[in-house]
$ cat model-v1.txt   # compact mmCIF, C-alpha atoms
# COMPACT_ATOMS: atom_id res chain seq x y z
CA MET K 1 4.50 21.35 -5.37
CA SER K 2 2.26 18.38 -6.06
CA MET K 3 3.81 15.15 -7.34
CA ARG K 4 2.27 13.17 -10.16
CA LEU K 5 1.00 9.67 -9.57
CA ASP K 6 4.13 7.53 -9.53
CA GLU K 7 5.01 3.91 -10.17
CA ASN K 8 4.97 3.02 -6.49
CA ASN K 9 1.18 3.14 -6.43
CA LEU K 10 0.95 0.35 -9.01
CA SER K 11 0.67 -3.40 -8.53
CA LEU K 12 3.57 -5.49 -9.80
CA PRO K 13 1.81 -6.41 -13.09
CA GLU K 14 0.81 -2.78 -13.62
CA LEU K 15 4.33 -1.63 -12.82
CA TYR K 16 5.88 -4.07 -15.28
CA ALA K 17 3.50 -2.93 -18.01
CA LYS K 18 4.38 0.71 -17.36
CA LEU K 19 8.13 0.15 -17.18
CA THR K 20 8.19 -1.87 -20.39
CA ALA K 21 5.85 0.35 -22.44
CA SER K 22 8.88 2.25 -23.76
CA GLY K 23 10.09 -0.82 -25.66
CA LEU K 24 13.40 -0.95 -23.78
CA VAL K 25 12.90 -4.57 -22.71
CA THR K 26 12.00 -5.59 -26.25
CA ARG K 27 15.25 -4.05 -27.47
CA LEU K 28 17.16 -5.83 -24.70
CA LEU K 29 15.68 -9.22 -25.62
CA GLU K 30 16.37 -8.66 -29.29
CA LEU K 31 19.99 -7.88 -28.39
CA ALA K 32 20.15 -11.06 -26.29
CA ARG K 33 18.83 -13.01 -29.28
CA ASP K 34 21.44 -11.49 -31.58
CA GLU K 35 24.23 -12.13 -29.08
CA ASP K 36 23.38 -15.83 -28.96
CA LEU K 37 22.10 -16.56 -32.46
CA GLY K 38 24.24 -14.16 -34.43
CA THR K 39 23.51 -11.36 -36.86
CA GLY K 40 23.73 -10.94 -40.59
CA GLY K 41 21.44 -13.84 -41.43
CA HIS K 42 20.92 -15.21 -37.91
CA MET K 43 22.96 -18.40 -38.03
CA GLY K 44 20.97 -19.88 -35.16
CA ASP K 45 21.93 -22.53 -32.62
CA LEU K 46 24.49 -24.62 -34.48
CA THR K 47 24.62 -27.34 -31.82
CA CYS K 48 20.86 -27.90 -31.98
CA GLN K 49 21.01 -27.90 -35.79
CA VAL K 50 23.46 -30.81 -35.82
CA MET K 51 22.17 -32.70 -32.77
CA MET K 52 18.37 -32.50 -32.96
CA GLU K 53 15.61 -33.21 -35.41
CA PRO K 54 13.27 -30.27 -36.08
CA SER K 55 10.31 -32.38 -34.93
CA GLN K 56 11.85 -33.25 -31.54
CA THR K 57 9.95 -31.86 -28.52
CA SER K 58 10.88 -31.38 -24.86
CA ARG K 59 9.50 -30.49 -21.43
CA ALA K 60 11.64 -28.79 -18.81
CA LEU K 61 11.26 -27.24 -15.38
CA LEU K 62 12.94 -24.02 -14.30
CA ARG K 63 13.90 -24.49 -10.66
CA ALA K 64 15.49 -22.41 -7.93
CA ARG K 65 18.93 -23.63 -6.91
CA ALA K 66 18.77 -21.58 -3.68
CA ASP K 67 16.22 -19.82 -1.50
CA LEU K 68 15.19 -16.62 -3.26
CA VAL K 69 12.62 -13.91 -3.88
CA VAL K 70 11.37 -14.43 -7.42
CA SER K 71 11.75 -11.71 -10.04
CA GLY K 72 11.90 -11.85 -13.81
CA LEU K 73 9.06 -14.22 -14.63
CA ALA K 74 7.22 -11.29 -16.19
CA VAL K 75 9.94 -11.13 -18.86
CA VAL K 76 9.46 -14.72 -20.00
CA PRO K 77 6.40 -14.34 -22.29
CA GLU K 78 8.13 -11.72 -24.46
CA ALA K 79 11.38 -13.70 -24.39
CA VAL K 80 9.44 -16.69 -25.71
CA GLN K 81 7.84 -14.55 -28.40
CA ILE K 82 11.23 -13.32 -29.61
CA LEU K 83 13.40 -16.42 -29.11
CA ALA K 84 11.08 -19.44 -29.06
CA PRO K 85 7.61 -18.65 -30.43
CA GLU K 86 6.32 -22.24 -30.37
CA VAL K 87 7.22 -22.87 -26.71
CA LYS K 88 4.43 -22.97 -24.13
CA ILE K 89 4.82 -21.64 -20.56
CA ASP K 90 3.12 -22.93 -17.40
CA PHE K 91 3.97 -20.68 -14.46
CA LYS K 92 4.29 -22.35 -11.05
CA ALA K 93 5.22 -19.16 -9.12
CA LYS K 94 4.89 -15.41 -9.51
CA ASP K 95 7.22 -12.47 -9.12
CA GLY K 96 7.58 -11.40 -5.49
CA ASP K 97 7.13 -14.94 -4.10
CA ASN K 98 9.47 -16.32 -1.47
CA THR K 99 10.66 -19.67 -2.79
CA HIS K 100 13.01 -22.35 -1.57
CA LYS K 101 15.84 -24.32 -3.11
CA GLY K 102 14.36 -26.89 -5.47
CA ASP K 103 11.04 -25.12 -6.00
CA THR K 104 9.73 -25.02 -9.56
CA LEU K 105 9.12 -21.56 -11.00
CA LEU K 106 7.77 -22.54 -14.42
CA GLU K 107 7.47 -25.34 -16.95
CA LEU K 108 8.40 -25.03 -20.63
CA SER K 109 7.23 -27.34 -23.41
CA GLY K 110 7.69 -27.29 -27.15
CA PRO K 111 10.28 -27.86 -29.88
CA SER K 112 13.50 -28.96 -28.23
CA HIS K 113 15.74 -26.59 -30.15
CA GLN K 114 13.58 -23.60 -29.16
CA VAL K 115 13.55 -24.59 -25.47
CA LEU K 116 17.35 -24.73 -25.49
CA THR K 117 17.66 -21.49 -27.48
CA LEU K 118 15.53 -19.75 -24.85
CA GLU K 119 17.24 -21.30 -21.83
CA ARG K 120 20.26 -19.06 -21.22
CA THR K 121 18.46 -15.76 -21.74
CA ILE K 122 15.73 -16.49 -19.21
CA LEU K 123 18.13 -18.07 -16.71
CA ASN K 124 20.40 -15.03 -16.85
CA THR K 125 17.47 -12.64 -16.49
CA ILE K 126 15.68 -14.43 -13.68
CA GLY K 127 18.94 -15.11 -11.82
CA ARG K 128 19.97 -11.44 -11.99
CA LEU K 129 16.59 -9.99 -11.06
CA SER K 130 15.96 -12.53 -8.30
CA GLY K 131 19.33 -11.64 -6.81
CA ILE K 132 18.25 -7.99 -6.60
CA ALA K 133 14.80 -8.86 -5.23
CA THR K 134 16.30 -11.15 -2.59
CA ARG K 135 18.83 -8.52 -1.49
CA THR K 136 16.09 -5.90 -1.32
CA ARG K 137 13.93 -8.17 0.84
CA THR K 138 16.88 -8.64 3.21
CA PHE K 139 17.28 -4.85 3.57
CA ARG K 140 13.56 -4.37 4.17
CA GLU K 141 13.46 -7.11 6.78
CA THR K 142 16.48 -5.57 8.53
CA ILE K 143 14.63 -2.25 8.78
CA GLU K 144 11.58 -3.98 10.23
CA LYS K 145 13.66 -5.98 12.71
CA GLU K 146 15.83 -3.12 13.96
CA ALA K 147 13.48 -0.14 13.66
CA GLY K 148 10.17 -1.92 14.17
CA GLU K 149 7.42 -2.89 11.73
CA GLY K 150 5.80 0.50 12.23
CA CYS K 151 8.87 2.32 10.89
CA LYS K 152 7.75 4.80 8.20
CA ALA K 153 11.01 4.84 6.24
CA LYS K 154 10.60 3.60 2.67
CA LEU K 155 13.43 1.70 1.01
CA LEU K 156 14.30 3.03 -2.46
CA ASP K 157 16.61 2.17 -5.32
CA THR K 158 18.86 4.60 -7.24
CA ARG K 159 20.16 5.08 -10.80
CA LYS K 160 23.16 2.86 -9.98
CA THR K 161 21.91 0.14 -12.29
CA THR K 162 23.39 -1.98 -15.07
CA PRO K 163 23.27 -0.05 -18.37
CA GLY K 164 20.34 -1.34 -20.41
CA LEU K 165 18.76 -3.17 -17.47
CA ARG K 166 17.46 -0.24 -15.43
CA VAL K 167 13.71 -0.78 -15.82
CA LEU K 168 14.08 -4.48 -15.06
CA GLU K 169 16.34 -3.92 -12.06
CA LYS K 170 13.95 -1.33 -10.65
CA TYR K 171 11.13 -3.81 -11.16
CA ALA K 172 13.18 -6.35 -9.21
CA VAL K 173 13.54 -3.91 -6.30
CA ARG K 174 9.75 -3.65 -6.16
CA CYS K 175 9.46 -7.45 -6.23
CA GLY K 176 11.64 -7.48 -3.12
CA GLY K 177 9.49 -4.94 -1.28
CA GLY K 178 11.38 -1.75 -2.10
CA PHE K 179 10.25 1.30 -4.05
CA CYS K 180 11.27 3.06 -7.25
CA HIS K 181 13.14 6.34 -7.13
CA ARG K 182 13.20 8.38 -10.36
CA LEU K 183 13.58 6.23 -13.44
CA GLY K 184 16.11 8.53 -15.08
CA LEU K 185 17.09 12.12 -15.71
CA HIS K 186 13.88 12.63 -17.68
CA ASP K 187 11.09 12.19 -15.16
CA ALA K 188 12.04 14.17 -12.03
CA VAL K 189 14.26 16.99 -10.79
CA LEU K 190 17.04 16.03 -8.40
CA VAL K 191 19.41 18.92 -7.68
CA LYS K 192 22.70 17.35 -6.60
CA ASP K 193 25.94 18.68 -5.16
CA ASN K 194 27.49 19.16 -8.58
CA HIS K 195 24.64 21.47 -9.55
CA LEU K 196 25.38 23.60 -6.48
CA ALA K 197 29.18 23.45 -6.35
CA GLY K 198 30.83 26.51 -4.80
CA MET K 199 27.61 28.10 -3.52
CA THR K 200 26.95 29.36 0.00
CA PRO K 201 23.79 28.11 1.73
CA THR K 202 22.04 31.39 0.89
CA GLN K 203 23.02 31.05 -2.76
CA VAL K 204 21.82 27.46 -2.74
CA ALA K 205 18.39 28.58 -1.56
CA GLU K 206 18.26 31.33 -4.16
CA ARG K 207 19.21 29.02 -7.02
CA VAL K 208 16.75 26.35 -5.88
CA GLY K 209 14.00 28.97 -5.65
CA THR K 210 14.68 29.93 -9.27
CA ALA K 211 14.57 26.27 -10.31
CA ILE K 212 11.25 25.77 -8.55
CA ALA K 213 9.77 28.63 -10.57
CA LYS K 214 11.03 27.04 -13.79
CA VAL K 215 9.51 23.69 -12.84
CA THR K 216 6.17 25.39 -12.17
CA GLU K 217 6.34 26.98 -15.60
CA LEU K 218 7.13 23.63 -17.26
CA ARG K 219 4.24 21.93 -15.48
CA ASN K 220 1.90 24.70 -16.56
CA GLN K 221 3.00 23.91 -20.12
CA GLY K 222 1.97 20.28 -19.65
CA LYS K 223 5.35 18.76 -18.76
CA GLU K 224 5.09 15.81 -16.35
CA ILE K 225 7.63 16.12 -13.54
CA LYS K 226 7.36 13.46 -10.87
CA PHE K 227 8.93 15.42 -8.02
CA PHE K 228 11.44 18.12 -7.06
CA GLU K 229 14.29 17.00 -4.78
CA VAL K 230 17.44 18.70 -3.51
CA GLU K 231 20.56 17.01 -2.15
CA VAL K 232 22.37 18.73 0.75
CA ASP K 233 25.75 17.95 2.28
CA ASP K 234 25.24 19.76 5.58
CA LEU K 235 22.54 21.15 7.85
CA ASP K 236 23.35 24.76 6.98
CA GLN K 237 22.25 24.11 3.41
CA PHE K 238 19.16 22.35 4.69
CA GLY K 239 18.32 25.25 7.00
CA ALA K 240 18.52 27.65 4.06
CA LEU K 241 16.10 25.47 2.06
CA LEU K 242 13.61 25.58 4.93
CA THR K 243 13.29 29.34 4.39
CA LEU K 244 11.76 28.81 0.94
CA PRO K 245 7.96 28.89 0.50
CA LYS K 246 6.15 25.64 1.25
CA GLY K 247 5.19 23.34 -1.57
CA GLY K 248 8.22 23.89 -3.78
CA ILE K 249 10.45 21.05 -2.61
CA ASP K 250 9.07 17.53 -2.27
CA PHE K 251 12.15 15.77 -0.89
CA VAL K 252 15.51 16.74 0.57
CA LEU K 253 18.26 14.15 0.25
CA LEU K 254 20.58 14.19 3.27
CA ASP K 255 23.83 12.89 1.82
CA ASN K 256 26.25 10.85 3.93
CA MET K 257 24.90 12.03 7.28
CA GLY K 258 25.08 9.83 10.34
CA PRO K 259 22.10 9.08 12.59
CA ASP K 260 22.72 12.09 14.89
CA LYS K 261 22.68 14.58 12.01
CA LEU K 262 19.67 12.85 10.50
CA ARG K 263 17.78 13.23 13.78
CA GLU K 264 18.73 16.90 13.89
CA ALA K 265 17.45 17.39 10.34
CA VAL K 266 14.14 15.79 11.33
CA LYS K 267 13.87 18.20 14.28
CA MET K 268 14.65 21.17 12.05
CA ARG K 269 12.01 20.11 9.52
CA ASP K 270 9.37 19.59 12.20
CA ALA K 271 10.19 22.87 13.97
CA ALA K 272 9.72 24.71 10.67
CA ASN K 273 6.35 22.98 10.19
CA SER K 274 7.57 21.92 6.76
CA ASP K 275 5.96 19.24 4.63
CA ILE K 276 9.28 18.26 3.02
CA LEU K 277 10.03 14.52 3.20
CA LEU K 278 13.58 13.59 4.20
CA GLU K 279 15.68 10.99 2.39
CA ALA K 280 18.89 9.48 3.73
CA SER K 281 21.49 8.25 1.26
CA GLY K 282 25.18 7.40 1.22
CA GLY K 283 26.96 4.89 3.42
CA VAL K 284 23.84 2.74 3.75
CA ASN K 285 24.40 -0.98 4.21
CA LEU K 286 22.91 -3.81 6.25
CA GLU K 287 24.97 -2.78 9.29
CA THR K 288 23.86 0.88 9.26
CA ILE K 289 20.34 0.89 7.84
CA GLY K 290 18.60 0.08 11.12
CA GLU K 291 20.00 3.12 12.93
CA ILE K 292 19.34 5.31 9.91
CA ALA K 293 15.72 4.19 9.82
CA LYS K 294 15.32 4.87 13.56
CA ALA K 295 16.48 8.46 13.03
CA GLY K 296 13.03 9.34 11.70
CA VAL K 297 13.71 9.92 7.99
CA ASP K 298 10.95 9.19 5.50
CA ARG K 299 13.02 7.53 2.79
CA ILE K 300 16.31 5.63 2.50
CA SER K 301 17.88 5.18 -0.94
CA VAL K 302 20.44 2.40 -1.37
CA GLY K 303 22.53 2.03 -4.52
CA GLY K 304 23.77 -1.32 -3.27
CA LEU K 305 20.35 -2.90 -3.81
CA THR K 306 21.32 -3.16 -7.46
CA HIS K 307 25.04 -2.59 -7.94
CA GLN K 308 26.05 -4.96 -5.13
CA ALA K 309 23.49 -7.66 -5.84
CA VAL K 310 24.74 -11.13 -6.75
CA ASN K 311 22.98 -13.38 -9.27
CA ILE K 312 21.12 -16.29 -7.71
CA ASP K 313 21.42 -19.65 -9.41
CA VAL K 314 18.38 -21.01 -11.23
CA GLY K 315 18.46 -23.96 -13.61
CA LEU K 316 16.45 -25.68 -16.32
CA ASP K 317 15.94 -29.42 -15.76
CA SER K 318 14.71 -31.61 -18.61
CA LEU K 319 11.77 -33.93 -17.99
CA ASP K 320 12.56 -36.02 -21.06
CA SER K 321 13.46 -39.66 -20.54
CA PRO K 322 16.89 -40.75 -21.76

$ encode --input "model-v1.txt" --output "C-alpha cells"
Amino acid sequence: MSMRLDENNLSLPELYAKLTASGLVTRLLELARDEDLGTGGHMGDLTCQVMMEPSQTSRALLRARADLVVSGLAVVPEAVQILAPEVKIDFKAKDGDNTHKGDTLLELSGPSHQVLTLERTILNTIGRLSGIATRTRTFRETIEKEAGEGCKAKLLDTRKTTPGLRVLEKYAVRCGGGFCHRLGLHDAVLVKDNHLAGMTPTQVAERVGTAIAKVTELRNQGKEIKFFEVEVDDLDQFGALLTLPKGGIDFVLLDNMGPDKLREAVKMRDAANSDILLEASGGVNLETIGEIAKAGVDRISVGGLTHQAVNIDVGLDSLDSP
C-alpha cells in the first residue's frame, strides 16, 4: 500500500506553510489576542493607554535566557499582523538553530504600545516551542551517541500534544530534528488495541485484512490516506499480520516491548521478507531509547517529546534609553 508524500519530506519553511494552511494558527493567535486585550469591544492594553503616548516608539531585542534549539520564529509575522500591525521584525536567528544563553533571536521596532501588546504572546509561543525542539534534539543526540550515527531509527512525535497547539508542537519537533507522525485522526489509519479488543491473533489479521480493503476502496475514490499502521501488544499478533498479503500494512507499532522482543520482531519481519516498517512506542525515555534504537526498529515514537517538554525562558529587552 503506497503512502502519499508526507510532511517529513518538506523543508522547515515548507512544513510550516503546510501545517498552518488550515487556519488553525490564525485562530490560535486571534484567541491569544482576545485573551489579552478582551472581547466585546476589545478594551486593549489599559496600562499602555494610561502610561504611553500613541506616538511613542520603541526598539527591543528578543533574547534566549538559556541554551536552546530555536522554534516558533515562524509564528511571529502573523502574530505581528494580528496583534501589532505597525511593528517591524528583524530576525537574527532561524528556527532549528542551536543558540546560547544571551543570543538575540530577533529585533522588534515600532509603536511602543504595540511592541508591549505583542510581547507576551510571542514569548509564550517561542518559549514553549523551543522547549519541545530542545528536548527533541536531546533525544536525537542520545540515539546517535548510543546507537551510532548510522542508526536508521527515526524519532517521531505522537498526538499527545496540547489541545489547540498540535500543528505548532509538531513543527517544533521537526525543528529539533524529529519527524511528524500522523497529524490527527483524519490523515492516516492507525489501528490500536482498543479497535482490536478481545480478538485472537487470527481474528486480528482477518479484521485488519478487511480494513485494508476498505482503505484501498477509499483511495480509489480519491481519499488521501497517508499510511496504514497497526498496533500490536505481542508477537503472536504480529506473526498473524505477517501472513497478510504484502503492501497492505505500512507500519506495525510494537507497543511497550523491551529490546529483546523488538529484536525478535525484526527477525520475524526479515524472515518473512516483509516490507513492513517497525515502530517502537511506549516506555521510551532518555534512559531507554538507546537500547531501543539498537534493536533494529525503523521508527521510535515518543509522546514525551511534547507532553513532558518544559518551556525555555526567552525575554524581550528594551533598547530605549531611560

$ closest_residue --input "model-v1.txt" --among "K:Gly164, K:Gly38, K:Gly177, K:Pro111" --to "K:Thr57" --atoms "all atoms listed in the file"
K:Pro111

$ residues_around --input "model-v1.txt" --residues "K:Phe139" --least-positions-apart "6" --cutoff "12 Å" --atoms "all atoms listed in the file" --output "number ranges by chain"
K: 132-133, 145-147, 153-157, 173, 176-178, 284-290, 293, 300-306, 309

$ residues_around --input "model-v1.txt" --residues "K:Phe251" --least-positions-apart "6" --cutoff "6 Å" --atoms "all atoms listed in the file" --output "ChimeraX atom specification"
/K:229,276-278

$ closest_residue --input "model-v1.txt" --among "K:Gln237, K:Ser71, K:Thr117, K:Asn194" --to "K:Arg137" --atoms "all atoms listed in the file"
K:Ser71

$ closest_residue --input "model-v1.txt" --among "K:Leu105, K:Val208, K:Val69, K:Met51" --to "K:Arg174" --atoms "only C-alpha atoms"
K:Val69

$ residues_around --input "model-v1.txt" --residues "K:Ile126" --least-positions-apart "4" --cutoff "12 Å" --atoms "all atoms listed in the file" --output "PyMOL selection string"
chain K and resi 62-65+68-76+79+94-96+105-106+119-122+130-134+168-169+171-172+175+310-316

$ atom_distance --input "model-v1.txt" --atom1 "atom CA of K:Asp34" --atom2 "atom CA of K:Pro77"
17.9 Å

$ build_atoms --input "model-v1.txt" --residues "stretch 126-137 of chain K" --atoms "all heavy atoms" --output "short mmCIF file (atom, residue, chain, number, x, y, z; two decimals), in the coordinates of the input"
data_model
loop_
_atom_site.label_atom_id
_atom_site.label_comp_id
_atom_site.auth_asym_id
_atom_site.auth_seq_id
_atom_site.Cartn_x
_atom_site.Cartn_y
_atom_site.Cartn_z
N ILE K 126 16.33 -14.10 -14.96
CA ILE K 126 15.68 -14.43 -13.68
C ILE K 126 16.71 -14.51 -12.56
O ILE K 126 16.46 -14.05 -11.43
CB ILE K 126 14.88 -15.74 -13.80
CG1 ILE K 126 13.70 -15.53 -14.76
CG2 ILE K 126 14.39 -16.23 -12.44
CD1 ILE K 126 12.98 -16.81 -15.15
N GLY K 127 17.89 -15.04 -12.84
CA GLY K 127 18.94 -15.11 -11.82
C GLY K 127 19.38 -13.73 -11.37
O GLY K 127 19.56 -13.48 -10.17
N ARG K 128 19.56 -12.81 -12.32
CA ARG K 128 19.97 -11.44 -11.99
C ARG K 128 18.89 -10.73 -11.20
O ARG K 128 19.15 -10.14 -10.14
CB ARG K 128 20.29 -10.67 -13.28
CG ARG K 128 20.54 -9.18 -13.10
CD ARG K 128 21.76 -8.92 -12.24
NE ARG K 128 21.97 -7.50 -12.02
CZ ARG K 128 22.74 -7.00 -11.05
NH1 ARG K 128 23.36 -7.81 -10.22
NH2 ARG K 128 22.90 -5.71 -10.91
N LEU K 129 17.67 -10.74 -11.71
CA LEU K 129 16.59 -9.99 -11.06
C LEU K 129 16.21 -10.60 -9.71
O LEU K 129 15.90 -9.86 -8.76
CB LEU K 129 15.38 -9.91 -11.97
CG LEU K 129 15.60 -9.22 -13.33
CD1 LEU K 129 14.28 -9.02 -14.06
CD2 LEU K 129 16.34 -7.90 -13.18
N SER K 130 16.25 -11.91 -9.59
CA SER K 130 15.96 -12.53 -8.30
C SER K 130 17.04 -12.22 -7.27
O SER K 130 16.75 -12.10 -6.07
CB SER K 130 15.80 -14.05 -8.47
OG SER K 130 14.68 -14.36 -9.28
N GLY K 131 18.28 -12.06 -7.73
CA GLY K 131 19.33 -11.64 -6.81
C GLY K 131 19.05 -10.26 -6.23
O GLY K 131 19.24 -10.01 -5.02
N ILE K 132 18.60 -9.34 -7.07
CA ILE K 132 18.25 -7.99 -6.60
C ILE K 132 17.04 -8.03 -5.67
O ILE K 132 17.03 -7.40 -4.61
CB ILE K 132 17.98 -7.07 -7.80
CG1 ILE K 132 19.28 -6.83 -8.58
CG2 ILE K 132 17.37 -5.74 -7.35
CD1 ILE K 132 19.08 -6.13 -9.91
N ALA K 133 16.02 -8.78 -6.06
CA ALA K 133 14.80 -8.86 -5.23
C ALA K 133 15.11 -9.47 -3.87
O ALA K 133 14.60 -9.01 -2.84
CB ALA K 133 13.74 -9.68 -5.96
N THR K 134 15.95 -10.48 -3.85
CA THR K 134 16.30 -11.15 -2.59
C THR K 134 17.10 -10.22 -1.69
O THR K 134 16.86 -10.14 -0.47
CB THR K 134 17.09 -12.44 -2.88
OG1 THR K 134 16.31 -13.28 -3.74
CG2 THR K 134 17.42 -13.18 -1.60
N ARG K 135 18.05 -9.48 -2.27
CA ARG K 135 18.83 -8.52 -1.49
C ARG K 135 17.93 -7.41 -0.96
O ARG K 135 18.06 -6.99 0.20
CB ARG K 135 19.95 -7.95 -2.36
CG ARG K 135 20.86 -6.96 -1.63
CD ARG K 135 22.09 -6.64 -2.46
NE ARG K 135 22.91 -5.60 -1.84
CZ ARG K 135 23.77 -5.81 -0.87
NH1 ARG K 135 23.93 -7.03 -0.39
NH2 ARG K 135 24.50 -4.82 -0.37
N THR K 136 17.02 -6.94 -1.77
CA THR K 136 16.09 -5.90 -1.32
C THR K 136 15.24 -6.39 -0.16
O THR K 136 15.04 -5.66 0.82
CB THR K 136 15.19 -5.47 -2.49
OG1 THR K 136 16.00 -4.97 -3.56
CG2 THR K 136 14.22 -4.38 -2.05
N ARG K 137 14.74 -7.62 -0.25
CA ARG K 137 13.93 -8.17 0.84
C ARG K 137 14.74 -8.25 2.13
O ARG K 137 14.22 -7.95 3.22
CB ARG K 137 13.42 -9.56 0.44
CG ARG K 137 12.46 -10.22 1.42
CD ARG K 137 11.10 -9.53 1.50
NE ARG K 137 10.45 -9.40 0.22
CZ ARG K 137 9.69 -10.33 -0.38
NH1 ARG K 137 9.50 -11.50 0.22
NH2 ARG K 137 9.11 -10.08 -1.53
#
